[in-house]
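Engineer: Quick one: the structure is below, questions incoming.
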Amino acid sequence: MLRWVPICFAAAWALPASASPWARGDSELYSRLALSRHNVEGLSGTRIDAYSEYGLTEDWTVTGKYEGLYFDRFGEFNRDGWRVTARRGFHIAEGVVASLEGGMLQGEAIGGAAGCDAFGAEARIGVGQSSQLGGKTKMDIFWFAEGALRAHDDDCMRERLEIGFGQRVYQDVWLVSQAWFDQGDQNAASSKYQLEYLWKAQGFDVSAGTMLEFGGEFDESAFFISFAKTF
């Protein structure tokens, strides 16, 4: 069983969240529930990810996240965690936004493996744009990039770069691709790549996709489905 220990800790890293530099509207509530199946070197597990955003004003948004990872075997390695942040949004130009975000977090399912389960703080900075490309036939797109730093009471540190691109491919269907690059303390270096189809139905969103992660000692794959609604 000991050979699974580093793999289980690596798999406890969070499936990337729905972070982005856009602020919510005043009193607008967004909630998302995602379920995913993971495979790490033959070891399978299920992740539950609950995420919400609430617009305090047109510029200030608060976010909350709870995440749990449950293995089919070796339940002693199950992990969970939470995160709460406040985001300040800025309108830079037409369609262009920026953000500053900070908050608290705890748990390996959020903060990362190799000791990052202690209470900690997170700081983010981001920029994004939504626009249209093309001539007569317009194509709606968006892109964003965020940098994040996490520091925990146990001296565990994490640095992350997140980039994403989305395009409308048919009516209310979007294709969204994202990448995450992590650095930090022991067992921190990894890269993640995610591709999903997002259907923006009336009143709610449904998405499904896949994620691949390449770490120093492991490879991980996951399939997920999520449901989201804006109130």
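By order of appearance in the structure tokens: chains A, B, ..., then residues from 1 within every chain, and ligands from 1 in the order shown.
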Check stretch 100-161 of chain A with DSSP on the backbone and list each residue it calls alpha helix (DSSP H), as number ranges by chain.

Structural biologist: A: 108-111

Engineer: If you run DSSP over the backbone, which residues in stretch 23-140 of chain A end up strand (DSSP E or B)? Put them as number ranges by chain.

Structural biologist: A: 29-40, 43-55, 60-71, 79-93, 96-106, 120-133, 139-140

Engineer: Near stretch 115-127 of chain A, counting only C-alpha atoms, which residues have an atom at most 7 Å away, once you skip same-chain residues fewer than 6 positions from it, shown as number ranges by chain?

Structural biologist: A: 21, 97-108, 144-154, 156

Engineer: Hey, can you check how far atom CA of A:Phe74 sits from atom CA of A:Glu41?

Structural biologist: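 Straight-line distance from atom CA of A:Phe74 to atom CA of A:Glu41 works out to 14.0 Å.
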
Engineer: Which residue is closest to A:Ser226? Choose from A:Glu28, A:Glu76, A:Asp49, A:Glu213 and count only C-alpha atoms.

Structural biologist: A:Asp49

Engineer: Can you tell me how far atom CA of A:Thr46 sits from atom CA of A:Lys229, in Å to one decimal?

Structural biologist: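 For atom CA of A:Thr46 relative to atom CA of A:Lys229, the distance reads 22.4 Å.
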
Engineer: Report, in Å with one decimal, the straight-line distance from atom CA of A:Trp174 to atom CA of A:Glu196.

Structural biologist: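 Interatomic distance here is 8.3 Å.
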
Engineer: For a quick check of understanding, using only C-alpha atoms, which of A:Ser36, A:Ser207, A:Gln183, A:Thr230 has the smallest distance to A:Met157?

Structural biologist: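 The closest residue to A:Met157 is A:Gln183.
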
Engineer: Hey, what's within 7 Å of stretch 54-67 of chain A if we count only C-alpha atoms and toss same-chain stuff fewer than 4 positions away? As a list of chain:residue names, please?

Structural biologist: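 Residues near the query, excluding close chain neighbours: A:Ala23, A:Arg24, A:Gly25, A:Asp26, A:Ser27, A:Glu28, A:Leu29, A:Tyr30, A:Ile48, A:Asp49, A:Ala50, A:Asp80, A:Gly81, A:Trp82, A:Arg83, A:Val84, A:Thr85, A:Ala86, A:Arg87, A:Arg88, A:Gly89, A:Phe90, A:Ala109, A:Ile110.
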
Engineer: For A:Phe165, which residue among A:Asp219, A:Asp140, A:Asp205, A:Asp185 is the nearest when counting only C-alpha atoms?

Structural biologist: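 When distances to A:Phe165 are compared using only C-alpha atoms, the smallest one comes from A:Asp140.
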